[in-house]
>>> print(open('start14.cif').read())   # mmCIF, N, CA and C atoms
data_start
loop_
_atom_site.label_atom_id
_atom_site.label_comp_id
_atom_site.auth_asym_id
_atom_site.auth_seq_id
_atom_site.Cartn_x
_atom_site.Cartn_y
_atom_site.Cartn_z
N MET A 1 25.95 5.71 10.97
CA MET A 1 25.77 5.30 9.60
C MET A 1 24.54 4.42 9.41
N LYS A 2 24.18 3.66 10.43
CA LYS A 2 23.00 2.81 10.31
C LYS A 2 21.75 3.64 10.08
N GLN A 3 21.66 4.80 10.70
CA GLN A 3 20.48 5.65 10.57
C GLN A 3 20.26 6.05 9.12
N ALA A 4 21.31 6.36 8.40
CA ALA A 4 21.16 6.76 7.00
C ALA A 4 20.72 5.58 6.15
N HIS A 5 21.13 4.36 6.50
CA HIS A 5 20.78 3.17 5.73
C HIS A 5 19.33 2.77 5.95
N ALA A 6 18.84 2.84 7.16
CA ALA A 6 17.48 2.38 7.46
C ALA A 6 16.40 3.17 6.71
N PRO A 7 16.44 4.49 6.69
CA PRO A 7 15.41 5.21 5.94
C PRO A 7 15.44 4.89 4.45
N LYS A 8 16.63 4.69 3.87
CA LYS A 8 16.71 4.33 2.46
C LYS A 8 15.99 3.01 2.21
N VAL A 9 16.25 2.03 3.05
CA VAL A 9 15.59 0.72 2.91
C VAL A 9 14.09 0.88 3.08
N SER A 10 13.67 1.61 4.07
CA SER A 10 12.24 1.76 4.32
C SER A 10 11.55 2.50 3.19
N TRP A 11 12.19 3.49 2.61
CA TRP A 11 11.58 4.23 1.51
C TRP A 11 11.49 3.35 0.27
N VAL A 12 12.50 2.51 0.05
CA VAL A 12 12.45 1.61 -1.10
C VAL A 12 11.32 0.60 -0.92
N VAL A 13 11.23 0.00 0.26
CA VAL A 13 10.15 -0.95 0.53
C VAL A 13 8.80 -0.26 0.42
N GLY A 14 8.69 0.92 0.99
CA GLY A 14 7.44 1.67 0.91
C GLY A 14 7.07 2.00 -0.52
N ALA A 15 8.04 2.39 -1.30
CA ALA A 15 7.77 2.73 -2.71
C ALA A 15 7.30 1.50 -3.47
N VAL A 16 7.92 0.35 -3.23
CA VAL A 16 7.51 -0.88 -3.91
C VAL A 16 6.08 -1.24 -3.53
N VAL A 17 5.76 -1.14 -2.24
CA VAL A 17 4.41 -1.45 -1.78
C VAL A 17 3.40 -0.50 -2.43
N LEU A 18 3.70 0.78 -2.42
CA LEU A 18 2.78 1.76 -2.99
C LEU A 18 2.63 1.59 -4.50
N LEU A 19 3.71 1.29 -5.19
CA LEU A 19 3.60 1.05 -6.63
C LEU A 19 2.74 -0.17 -6.93
N GLY A 20 2.91 -1.21 -6.12
CA GLY A 20 2.08 -2.40 -6.30
C GLY A 20 0.62 -2.10 -6.06
N LEU A 21 0.34 -1.35 -5.03
CA LEU A 21 -1.04 -0.99 -4.72
C LEU A 21 -1.61 -0.07 -5.80
N ALA A 22 -0.80 0.86 -6.27
CA ALA A 22 -1.26 1.76 -7.34
C ALA A 22 -1.56 0.97 -8.61
N ALA A 23 -0.74 -0.03 -8.90
CA ALA A 23 -0.98 -0.85 -10.09
C ALA A 23 -2.29 -1.61 -9.95
N LEU A 24 -2.52 -2.14 -8.76
CA LEU A 24 -3.77 -2.87 -8.53
C LEU A 24 -4.96 -1.92 -8.60
N ALA A 25 -4.83 -0.75 -8.02
CA ALA A 25 -5.93 0.20 -8.00
C ALA A 25 -6.21 0.75 -9.40
N GLY A 26 -5.19 0.86 -10.22
CA GLY A 26 -5.36 1.46 -11.52
C GLY A 26 -5.87 0.53 -12.59
N CYS A 27 -5.84 -0.76 -12.34
CA CYS A 27 -6.27 -1.67 -13.40
C CYS A 27 -7.65 -2.22 -13.09
N THR A 28 -8.37 -2.51 -14.15
CA THR A 28 -9.67 -3.14 -14.01
C THR A 28 -9.41 -4.63 -13.99
N LEU A 29 -9.86 -5.30 -12.94
CA LEU A 29 -9.55 -6.71 -12.78
C LEU A 29 -10.25 -7.58 -13.82
N ILE A 30 -11.44 -7.25 -14.20
CA ILE A 30 -12.18 -7.96 -15.24
C ILE A 30 -12.79 -6.91 -16.15
N GLY A 31 -12.63 -7.08 -17.44
CA GLY A 31 -13.15 -6.11 -18.40
C GLY A 31 -14.65 -6.21 -18.53
N ASP A 32 -15.20 -5.35 -19.39
CA ASP A 32 -16.63 -5.38 -19.67
C ASP A 32 -17.02 -6.75 -20.21
N ASN A 33 -18.25 -7.09 -20.04
CA ASN A 33 -18.77 -8.39 -20.45
C ASN A 33 -19.00 -8.38 -21.96
N ILE A 34 -17.94 -8.58 -22.74
CA ILE A 34 -18.01 -8.50 -24.19
C ILE A 34 -18.67 -9.73 -24.79
N THR A 35 -18.32 -10.90 -24.28
CA THR A 35 -18.79 -12.14 -24.88
C THR A 35 -20.17 -12.56 -24.38
N GLY A 36 -20.69 -11.88 -23.39
CA GLY A 36 -21.96 -12.28 -22.81
C GLY A 36 -21.80 -13.30 -21.71
N VAL A 37 -20.56 -13.73 -21.45
CA VAL A 37 -20.29 -14.70 -20.39
C VAL A 37 -19.67 -13.95 -19.24
N ASN A 38 -20.29 -14.04 -18.09
CA ASN A 38 -19.78 -13.38 -16.89
C ASN A 38 -18.70 -14.26 -16.28
N ALA A 39 -17.54 -13.70 -16.08
CA ALA A 39 -16.43 -14.47 -15.53
C ALA A 39 -16.59 -14.74 -14.04
N GLY A 40 -17.65 -14.24 -13.43
CA GLY A 40 -17.91 -14.51 -12.02
C GLY A 40 -17.23 -13.54 -11.08
N THR A 41 -16.57 -12.54 -11.61
CA THR A 41 -15.90 -11.58 -10.76
C THR A 41 -16.66 -10.26 -10.85
N GLY A 42 -17.15 -9.82 -9.72
CA GLY A 42 -17.87 -8.57 -9.67
C GLY A 42 -17.25 -7.65 -8.66
N PRO A 43 -17.94 -6.58 -8.35
CA PRO A 43 -17.40 -5.61 -7.40
C PRO A 43 -17.06 -6.22 -6.04
N THR A 44 -17.85 -7.19 -5.59
CA THR A 44 -17.58 -7.78 -4.27
C THR A 44 -16.24 -8.49 -4.25
N THR A 45 -15.94 -9.26 -5.29
CA THR A 45 -14.66 -9.96 -5.37
C THR A 45 -13.52 -8.96 -5.51
N CYS A 46 -13.74 -7.95 -6.31
CA CYS A 46 -12.72 -6.92 -6.51
C CYS A 46 -12.41 -6.22 -5.19
N VAL A 47 -13.42 -5.85 -4.45
CA VAL A 47 -13.21 -5.19 -3.16
C VAL A 47 -12.44 -6.11 -2.21
N LYS A 48 -12.77 -7.40 -2.23
CA LYS A 48 -12.05 -8.35 -1.38
C LYS A 48 -10.57 -8.39 -1.78
N GLN A 49 -10.30 -8.37 -3.09
CA GLN A 49 -8.91 -8.36 -3.54
C GLN A 49 -8.20 -7.09 -3.07
N CYS A 50 -8.88 -5.98 -3.14
CA CYS A 50 -8.29 -4.72 -2.63
C CYS A 50 -7.99 -4.85 -1.14
N ASN A 51 -8.95 -5.36 -0.40
CA ASN A 51 -8.77 -5.50 1.05
C ASN A 51 -7.63 -6.46 1.38
N ASP A 52 -7.55 -7.57 0.65
CA ASP A 52 -6.48 -8.55 0.89
C ASP A 52 -5.12 -7.95 0.57
N PHE A 53 -5.05 -7.22 -0.55
CA PHE A 53 -3.79 -6.59 -0.92
C PHE A 53 -3.39 -5.55 0.11
N TYR A 54 -4.34 -4.75 0.56
CA TYR A 54 -4.05 -3.73 1.56
C TYR A 54 -3.57 -4.36 2.86
N LYS A 55 -4.22 -5.45 3.25
CA LYS A 55 -3.82 -6.13 4.49
C LYS A 55 -2.36 -6.58 4.40
N ALA A 56 -1.97 -7.16 3.26
CA ALA A 56 -0.59 -7.60 3.07
C ALA A 56 0.37 -6.42 3.04
N ALA A 57 -0.03 -5.35 2.34
CA ALA A 57 0.84 -4.17 2.25
C ALA A 57 1.00 -3.51 3.62
N TYR A 58 -0.08 -3.46 4.39
CA TYR A 58 0.00 -2.87 5.72
C TYR A 58 0.91 -3.72 6.62
N ALA A 59 0.80 -5.05 6.52
CA ALA A 59 1.65 -5.93 7.32
C ALA A 59 3.13 -5.71 6.96
N GLU A 60 3.41 -5.54 5.68
CA GLU A 60 4.78 -5.29 5.24
C GLU A 60 5.27 -3.93 5.77
N GLU A 61 4.41 -2.94 5.74
CA GLU A 61 4.77 -1.63 6.27
C GLU A 61 5.04 -1.72 7.77
N GLN A 62 4.24 -2.50 8.47
CA GLN A 62 4.44 -2.65 9.92
C GLN A 62 5.78 -3.31 10.21
N LYS A 63 6.17 -4.30 9.39
CA LYS A 63 7.48 -4.94 9.56
C LYS A 63 8.60 -3.93 9.34
N THR A 64 8.45 -3.11 8.30
CA THR A 64 9.44 -2.08 8.02
C THR A 64 9.54 -1.11 9.19
N HIS A 65 8.40 -0.71 9.73
CA HIS A 65 8.37 0.20 10.88
C HIS A 65 9.06 -0.42 12.09
N ASP A 66 8.77 -1.68 12.35
CA ASP A 66 9.41 -2.36 13.48
C ASP A 66 10.93 -2.44 13.30
N THR A 67 11.36 -2.77 12.09
CA THR A 67 12.80 -2.84 11.80
C THR A 67 13.45 -1.47 11.99
N ASN A 68 12.81 -0.44 11.45
CA ASN A 68 13.37 0.91 11.59
C ASN A 68 13.40 1.36 13.05
N ASN A 69 12.38 1.00 13.82
CA ASN A 69 12.39 1.34 15.24
C ASN A 69 13.55 0.65 15.95
N ASN A 70 13.84 -0.60 15.59
CA ASN A 70 14.97 -1.30 16.19
C ASN A 70 16.29 -0.62 15.85
N VAL A 71 16.40 -0.15 14.60
CA VAL A 71 17.61 0.59 14.20
C VAL A 71 17.72 1.87 15.02
N CYS A 72 16.60 2.56 15.18
CA CYS A 72 16.60 3.80 15.97
C CYS A 72 17.00 3.53 17.42
N GLN A 73 16.52 2.44 17.97
CA GLN A 73 16.84 2.10 19.36
C GLN A 73 18.33 1.82 19.54
N SER A 74 18.99 1.41 18.46
CA SER A 74 20.42 1.12 18.56
C SER A 74 21.29 2.37 18.39
N GLN A 75 20.67 3.51 18.09
CA GLN A 75 21.40 4.76 17.91
C GLN A 75 21.87 5.29 19.27
N PRO A 76 22.90 6.12 19.25
CA PRO A 76 23.33 6.76 20.50
C PRO A 76 22.18 7.59 21.09
N GLN A 77 22.20 7.74 22.38
CA GLN A 77 21.12 8.42 23.10
C GLN A 77 20.75 9.77 22.49
N GLY A 78 21.70 10.54 22.07
CA GLY A 78 21.44 11.87 21.52
C GLY A 78 20.72 11.85 20.17
N GLN A 79 20.82 10.75 19.45
CA GLN A 79 20.19 10.64 18.13
C GLN A 79 18.91 9.82 18.14
N ARG A 80 18.70 9.07 19.19
CA ARG A 80 17.60 8.12 19.24
C ARG A 80 16.23 8.80 19.11
N ALA A 81 15.99 9.87 19.85
CA ALA A 81 14.67 10.53 19.84
C ALA A 81 14.35 11.08 18.45
N GLY A 82 15.30 11.73 17.82
CA GLY A 82 15.08 12.26 16.48
C GLY A 82 14.81 11.17 15.46
N CYS A 83 15.53 10.08 15.59
CA CYS A 83 15.34 8.95 14.69
C CYS A 83 13.94 8.37 14.86
N LEU A 84 13.51 8.19 16.10
CA LEU A 84 12.18 7.62 16.38
C LEU A 84 11.08 8.56 15.89
N GLU A 85 11.27 9.86 16.07
CA GLU A 85 10.26 10.82 15.59
C GLU A 85 10.15 10.78 14.07
N ALA A 86 11.30 10.74 13.40
CA ALA A 86 11.30 10.68 11.93
C ALA A 86 10.64 9.39 11.45
N GLU A 87 10.92 8.29 12.11
CA GLU A 87 10.34 7.02 11.70
C GLU A 87 8.83 7.01 11.94
N THR A 88 8.39 7.59 13.04
CA THR A 88 6.96 7.66 13.31
C THR A 88 6.26 8.48 12.23
N ALA A 89 6.85 9.60 11.85
CA ALA A 89 6.26 10.43 10.80
C ALA A 89 6.22 9.69 9.47
N ARG A 90 7.31 8.98 9.13
CA ARG A 90 7.35 8.21 7.89
C ARG A 90 6.28 7.12 7.90
N HIS A 91 6.16 6.43 9.02
CA HIS A 91 5.19 5.35 9.15
C HIS A 91 3.75 5.86 9.03
N GLU A 92 3.46 6.96 9.68
CA GLU A 92 2.11 7.54 9.60
C GLU A 92 1.78 7.96 8.16
N ALA A 93 2.76 8.54 7.47
CA ALA A 93 2.54 8.94 6.07
C ALA A 93 2.33 7.71 5.19
N ALA A 94 3.07 6.66 5.43
CA ALA A 94 2.91 5.43 4.64
C ALA A 94 1.54 4.81 4.88
N LYS A 95 1.09 4.80 6.14
CA LYS A 95 -0.24 4.25 6.44
C LYS A 95 -1.33 5.08 5.78
N ALA A 96 -1.19 6.39 5.81
CA ALA A 96 -2.19 7.26 5.17
C ALA A 96 -2.23 7.02 3.66
N SER A 97 -1.06 6.86 3.06
CA SER A 97 -0.99 6.60 1.63
C SER A 97 -1.62 5.26 1.29
N LEU A 98 -1.36 4.25 2.09
CA LEU A 98 -1.96 2.93 1.87
C LEU A 98 -3.48 3.00 2.01
N SER A 99 -3.95 3.72 2.99
CA SER A 99 -5.41 3.85 3.18
C SER A 99 -6.06 4.53 1.99
N SER A 100 -5.44 5.59 1.49
CA SER A 100 -5.98 6.29 0.32
C SER A 100 -5.99 5.39 -0.91
N ALA A 101 -4.91 4.65 -1.09
CA ALA A 101 -4.83 3.74 -2.23
C ALA A 101 -5.87 2.63 -2.13
N LYS A 102 -6.12 2.15 -0.92
CA LYS A 102 -7.14 1.11 -0.73
C LYS A 102 -8.52 1.64 -1.11
N ILE A 103 -8.83 2.84 -0.69
CA ILE A 103 -10.13 3.43 -1.02
C ILE A 103 -10.25 3.63 -2.53
N GLU A 104 -9.18 4.10 -3.17
CA GLU A 104 -9.21 4.28 -4.62
C GLU A 104 -9.39 2.94 -5.33
N CYS A 105 -8.72 1.92 -4.84
CA CYS A 105 -8.86 0.58 -5.40
C CYS A 105 -10.32 0.13 -5.30
N GLN A 106 -10.92 0.29 -4.13
CA GLN A 106 -12.31 -0.10 -3.93
C GLN A 106 -13.25 0.71 -4.81
N ASN A 107 -12.98 2.00 -4.96
CA ASN A 107 -13.81 2.83 -5.83
C ASN A 107 -13.72 2.37 -7.28
N ASN A 108 -12.53 1.95 -7.71
CA ASN A 108 -12.37 1.44 -9.07
C ASN A 108 -13.17 0.16 -9.28
N CYS A 109 -13.34 -0.62 -8.24
CA CYS A 109 -14.14 -1.84 -8.35
C CYS A 109 -15.57 -1.51 -8.74
N HIS A 110 -16.10 -0.45 -8.21
CA HIS A 110 -17.48 -0.08 -8.47
C HIS A 110 -17.67 0.58 -9.83
N ARG A 111 -16.55 0.93 -10.47
CA ARG A 111 -16.64 1.54 -11.80
C ARG A 111 -16.42 0.51 -12.91
N GLN A 112 -16.14 -0.73 -12.55
CA GLN A 112 -15.92 -1.76 -13.57
C GLN A 112 -17.19 -1.98 -14.37
N GLY A 113 -17.04 -2.06 -15.67
CA GLY A 113 -18.17 -2.38 -16.52
C GLY A 113 -19.16 -1.26 -16.72
N THR A 114 -18.80 -0.03 -16.35
CA THR A 114 -19.75 1.07 -16.47
C THR A 114 -19.59 1.84 -17.77
N GLY A 115 -18.71 1.36 -18.64
CA GLY A 115 -18.49 2.04 -19.91
C GLY A 115 -19.67 1.86 -20.84
N SER A 116 -19.67 2.59 -21.95
CA SER A 116 -20.74 2.45 -22.92
C SER A 116 -20.15 2.16 -24.28
N ALA A 117 -20.87 1.41 -25.05
CA ALA A 117 -20.39 1.03 -26.39
C ALA A 117 -20.81 2.10 -27.40
N GLY A 118 -19.96 2.22 -28.43
CA GLY A 118 -20.27 2.98 -29.58
C GLY A 118 -20.41 4.41 -29.47
#
>>> encode(input="start14.cif", output="structure tokens")
Amino acid sequence: MKQAHAPKVSWVVGAVVLLGLAALAGCTLIGDNITGVNAGTGPTTCVKQCNDFYKAAYAEEQKTHDTNNNVCQSQPQGQRAGCLEAETARHEAAKASLSSAKIECQNNCHRQGTGSAG
């Protein structure tokens, strides 16, 4: 029964992390310079925020992976290998998704302020 519980927890945690990253990637951190006053945030700061967020999300994913591996290790011998393989596949997919989201977030940083008026 533990095996069925661990993937549910990991998918929920993974979904929360990905939704948070998607929200960050999808929003413009600072709008166009309407007032003529630069708020001091440019692409470099935005990229740093993306990198910092990704670092935290990756650390959280690694904790989830470690927890799931511990659950797999506690499974009976006949189920352990399958559990570990499934967890490795889930973890690799989560890392790939986080990497893609990080790149999209960074790309959005470079598109800030590129709109045109009127």
>>> closest_residue(input="start14.cif", among="A:Gln77, A:Tyr58, A:Val47, A:Cys83", to="Asn108 (chain A)", atoms="only N, CA and C atoms")
A:Val47
>>> residues_around(input="start14.cif", residues="Lys102 (chain A)", least_positions_apart="2", cutoff="8 Å", atoms="all atoms listed in the file", output="ChimeraX atom specification")
/A:21-22,25,50-51,53-54,96-100,104-108
>>> atom_distance(input="start14.cif", atom1="atom C of Glu61 (chain A)", atom2="CA of His91 (chain A)")
7.2 Å
>>> atom_distance(input="start14.cif", atom1="CA of Lys48 (chain A)", atom2="CA of Ala101 (chain A)")
14.1 Å
>>> atom_distance(input="start14.cif", atom1="CA of Asn70 (chain A)", atom2="CA of Ala57 (chain A)")
20.1 Å
